[in-house]
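*Asks:* Here it is, the structure in full.
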Amino acid sequence: MKHFRRIALLLFLLPGLACAQQKIIDLQGPYALTLLGQRLNQLYQRQQPRVKIQVHGGSIRTALSLLHAGQTDIAQAQGVLAADDIRGLVAVPVGVEAIVFYVHDSNPINELTLAQVRGIYTGQFLNWKQLGGPDQRILVFGGESTTGLGSFFSEAVLHGDDSFSYENKASTKDLLESIAAHPSGIGFSSVGFAPHVKALRIRPSEGPAIEPTFTNIRQLKYPVARYVTWYFSQRPHGALKDFCQWMFSSEGQLVVESVGFQPLLPEQRTSSLRKLGVSEGP
């Protein structure tokens, strides 16, 4: 009887022992980045089943406060943060977010200024003829309604102005299909490709128009691009260090690309690893 009691006790304790051995890496940041964290957890656990990436959404201010207090491992954010908020932290880019503008390939317009794009989406321009194009009413679309791309668009393009009504699409694929079916359409989304659709060059307030190539986006030369950045209270160690090494590997960067961001260039990945004090993986 005692033998059976010991076995029963062991079976009761085993799940707790397994949980105790599992390493939790806490990742905090805006809700727009939670999908990235969730996808990283799914893929990384296949290699390291004893490590779990615990993802929390919320404001970046909350994430940074928790990081400064030692209550989270990584705070993730998009764009440039105030110097006072990140003083003393180790910051490294992990990917690039970009907004690309698409029109039908029959449209003779190949580039627009940011001001013109803003004019289209605020209702200042209603016909392509106003911009040197055909005499057609502009059909306006937006893409990736399930991500944080809309807030980036509002900040970087609209500058806080109210947008004219436009039809939102759930994904880049849906957006490109809509543009391909409507020769007078324009839409914005992340990087994508489809027949009968072309990406516009975008001209900032000064300088030439920039084509949204992979290199221009990853080097932030394209005017509507920004880094997705991870912040640490100090250089990582142990399981967190191993996770960072994987994050900047080809496999980790494929996860970044799978959720709509652009992966870093090889030299950017190397720079981030050096900043974290992590060696490159095999």
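Identifiers in the structure tokens: chain A, B, ... in order shown; residue index from 1 per chain; ligand index from 1 in order shown.
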With a distance cut-off of 10 Å and only C-alpha atoms, select the neighbouring residues of His237 (chain A), excluding the residue or stretch itself and same-chain residues fewer than 3 positions from it, and output the selection as a PyMOL selection string.
*Replies:* chain A and resi 234+240-244+276-278
*Asks:* Among region 153-264 of chain A, which residues does DSSP mark as strand (DSSP E or B) when it is run on the backbone? Keep the chain and numbering as in the structure and answer as a list of chain:residue names.
*Replies:*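 Checking each residue of region 153-264 of chain A, the strand (DSSP E or B) ones are A:Glu167, A:Asn168, A:Gly185, A:Ile186, A:Gly187, A:Phe188, A:Ser189, A:Val197, A:Lys198, A:Ala199, A:Arg201, A:Ile202, A:Arg203, A:Ile210, A:Ala225, A:Arg226, A:Tyr227, A:Val228, A:Thr229, A:Trp230, A:Tyr231, A:Phe232, A:Gln262.
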*Asks:* Write out, as a JSON list (two decimals), in the first residue's frame, the residues just selected, with N, CA and C atoms.
*Replies:*
[["chain", "number", "residue", "atom", "x", "y", "z"],
["A", 167, "GLU", "N", -12.18, 51.80, -47.56],
["A", 167, "GLU", "CA", -12.53, 50.41, -47.32],
["A", 167, "GLU", "C", -11.33, 49.65, -46.80],
["A", 168, "ASN", "N", -11.48, 49.09, -45.60],
["A", 168, "ASN", "CA", -10.37, 48.37, -44.98],
["A", 168, "ASN", "C", -10.35, 46.92, -45.41],
["A", 185, "GLY", "N", -8.03, 52.39, -58.13],
["A", 185, "GLY", "CA", -7.84, 52.27, -56.69],
["A", 185, "GLY", "C", -6.44, 52.62, -56.21],
["A", 186, "ILE", "N", -6.32, 52.90, -54.92],
["A", 186, "ILE", "CA", -5.05, 53.05, -54.23],
["A", 186, "ILE", "C", -5.24, 52.43, -52.85],
["A", 187, "GLY", "N", -4.20, 51.80, -52.33],
["A", 187, "GLY", "CA", -4.30, 51.19, -51.01],
["A", 187, "GLY", "C", -2.95, 51.13, -50.34],
["A", 188, "PHE", "N", -2.95, 50.96, -49.03],
["A", 188, "PHE", "CA", -1.70, 50.83, -48.30],
["A", 188, "PHE", "C", -1.70, 49.53, -47.49],
["A", 189, "SER", "N", -0.52, 48.95, -47.36],
["A", 189, "SER", "CA", -0.35, 47.74, -46.59],
["A", 189, "SER", "C", 1.14, 47.49, -46.40],
["A", 197, "VAL", "N", -0.55, 44.92, -60.16],
["A", 197, "VAL", "CA", -0.43, 45.89, -59.06],
["A", 197, "VAL", "C", 1.01, 46.36, -59.00],
["A", 198, "LYS", "N", 1.21, 47.65, -58.76],
["A", 198, "LYS", "CA", 2.57, 48.18, -58.60],
["A", 198, "LYS", "C", 2.65, 49.03, -57.35],
["A", 199, "ALA", "N", 3.84, 49.05, -56.76],
["A", 199, "ALA", "CA", 4.09, 49.87, -55.58],
["A", 199, "ALA", "C", 4.61, 51.23, -56.02],
["A", 201, "ARG", "N", 6.63, 54.83, -55.72],
["A", 201, "ARG", "CA", 7.72, 55.53, -55.05],
["A", 201, "ARG", "C", 7.12, 56.66, -54.23],
["A", 202, "ILE", "N", 7.70, 56.92, -53.08],
["A", 202, "ILE", "CA", 7.18, 57.97, -52.19],
["A", 202, "ILE", "C", 8.27, 59.01, -51.96],
["A", 203, "ARG", "N", 7.88, 60.27, -52.16],
["A", 203, "ARG", "CA", 8.83, 61.37, -51.98],
["A", 203, "ARG", "C", 8.52, 62.09, -50.67],
["A", 210, "ILE", "N", 11.52, 57.70, -53.20],
["A", 210, "ILE", "CA", 12.22, 56.47, -52.82],
["A", 210, "ILE", "C", 11.34, 55.27, -53.12],
["A", 225, "ALA", "N", 8.89, 54.01, -42.99],
["A", 225, "ALA", "CA", 9.43, 52.79, -42.39],
["A", 225, "ALA", "C", 9.99, 53.12, -41.01],
["A", 226, "ARG", "N", 9.93, 52.14, -40.12],
["A", 226, "ARG", "CA", 10.45, 52.33, -38.76],
["A", 226, "ARG", "C", 10.85, 50.98, -38.18],
["A", 227, "TYR", "N", 11.74, 51.02, -37.21],
["A", 227, "TYR", "CA", 12.20, 49.79, -36.58],
["A", 227, "TYR", "C", 11.17, 49.27, -35.58],
["A", 228, "VAL", "N", 11.12, 47.95, -35.47],
["A", 228, "VAL", "CA", 10.54, 47.28, -34.31],
["A", 228, "VAL", "C", 11.72, 46.97, -33.40],
["A", 229, "THR", "N", 11.68, 47.47, -32.17],
["A", 229, "THR", "CA", 12.85, 47.44, -31.29],
["A", 229, "THR", "C", 12.55, 46.68, -30.00],
["A", 230, "TRP", "N", 13.54, 45.94, -29.54],
["A", 230, "TRP", "CA", 13.48, 45.29, -28.23],
["A", 230, "TRP", "C", 14.39, 46.03, -27.27],
["A", 231, "TYR", "N", 13.90, 46.18, -26.04],
["A", 231, "TYR", "CA", 14.65, 46.86, -24.98],
["A", 231, "TYR", "C", 14.91, 45.89, -23.84],
["A", 232, "PHE", "N", 16.13, 45.96, -23.31],
["A", 232, "PHE", "CA", 16.55, 45.11, -22.19],
["A", 232, "PHE", "C", 17.10, 46.00, -21.08],
["A", 262, "GLN", "N", 9.62, 43.42, -42.04],
["A", 262, "GLN", "CA", 10.78, 43.07, -42.83],
["A", 262, "GLN", "C", 11.92, 42.63, -41.92]]
*Asks:* My list of candidates is A:Arg137, A:His68, A:His56, A:Lys129. Which is closest to Ser184 (chain A) when distances are computed with only C-alpha atoms?
*Replies:*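 Of A:Arg137, A:His68, A:His56, A:Lys129, the one nearest Ser184 (chain A), counting only C-alpha atoms, is A:Arg137.
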*Asks:* Which residues are close to Leu112 (chain A), i.e. within 10 Å by only C-alpha atoms, leaving aside same-chain residues fewer than 3 positions away? Reply as a ChimeraX atom specification.
*Replies:* /A:101,109,115-118,131,200-204,209-210
*Asks:* Store the residues picked out above, limited to N, CA and C atoms, as a short mmCIF file (atom, residue, chain, number, x, y, z; two decimals), in the first residue's frame.
*Replies:*
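Listed below is the output, part.cif:
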data_model
loop_
_atom_site.label_atom_id
_atom_site.label_comp_id
_atom_site.auth_asym_id
_atom_site.auth_seq_id
_atom_site.Cartn_x
_atom_site.Cartn_y
_atom_site.Cartn_z
N PHE A 101 2.42 51.82 -50.63
CA PHE A 101 1.21 52.28 -51.31
C PHE A 101 1.14 51.67 -52.70
N ILE A 109 0.59 57.01 -62.96
CA ILE A 109 1.30 57.61 -61.83
C ILE A 109 2.21 56.57 -61.19
N ALA A 115 2.66 64.35 -48.90
CA ALA A 115 1.57 65.31 -48.80
C ALA A 115 0.41 64.93 -49.73
N GLN A 116 0.75 64.42 -50.92
CA GLN A 116 -0.31 63.99 -51.85
C GLN A 116 -1.04 62.77 -51.32
N VAL A 117 -0.30 61.84 -50.75
CA VAL A 117 -0.94 60.66 -50.16
C VAL A 117 -1.89 61.10 -49.04
N ARG A 118 -1.40 62.01 -48.20
CA ARG A 118 -2.25 62.52 -47.13
C ARG A 118 -3.51 63.19 -47.71
N LEU A 131 -3.99 64.85 -59.79
CA LEU A 131 -2.60 64.48 -59.51
C LEU A 131 -1.83 64.13 -60.77
N LEU A 200 4.13 52.27 -55.37
CA LEU A 200 4.53 53.63 -55.73
C LEU A 200 5.82 54.04 -55.03
N ARG A 201 6.63 54.83 -55.72
CA ARG A 201 7.72 55.53 -55.05
C ARG A 201 7.12 56.66 -54.23
N ILE A 202 7.70 56.92 -53.08
CA ILE A 202 7.18 57.97 -52.19
C ILE A 202 8.27 59.01 -51.96
N ARG A 203 7.88 60.27 -52.16
CA ARG A 203 8.83 61.37 -51.98
C ARG A 203 8.52 62.09 -50.67
N PRO A 204 9.52 62.19 -49.79
CA PRO A 204 9.32 62.94 -48.55
C PRO A 204 9.29 64.43 -48.84
N ALA A 209 12.12 60.84 -54.77
CA ALA A 209 11.18 59.77 -54.41
C ALA A 209 11.95 58.47 -54.19
N ILE A 210 11.52 57.70 -53.20
CA ILE A 210 12.22 56.47 -52.82
C ILE A 210 11.34 55.27 -53.12
#
*Asks:* Using only C-alpha atoms, which of the listed residues (A:Leu67, A:Leu220, A:Val94, A:Leu35) sits closest to Arg269 (chain A)?
*Replies:*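 So, comparing all the options, the nearest one is A:Val94.
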*Asks:* Which residues are close to Pro266 (chain A), i.e. within 12 Å by only C-alpha atoms, leaving aside same-chain residues fewer than 6 positions away? Reply as number ranges by chain.
*Replies:* A: 94-95, 215, 218-219, 248-250, 253, 272-273, 280
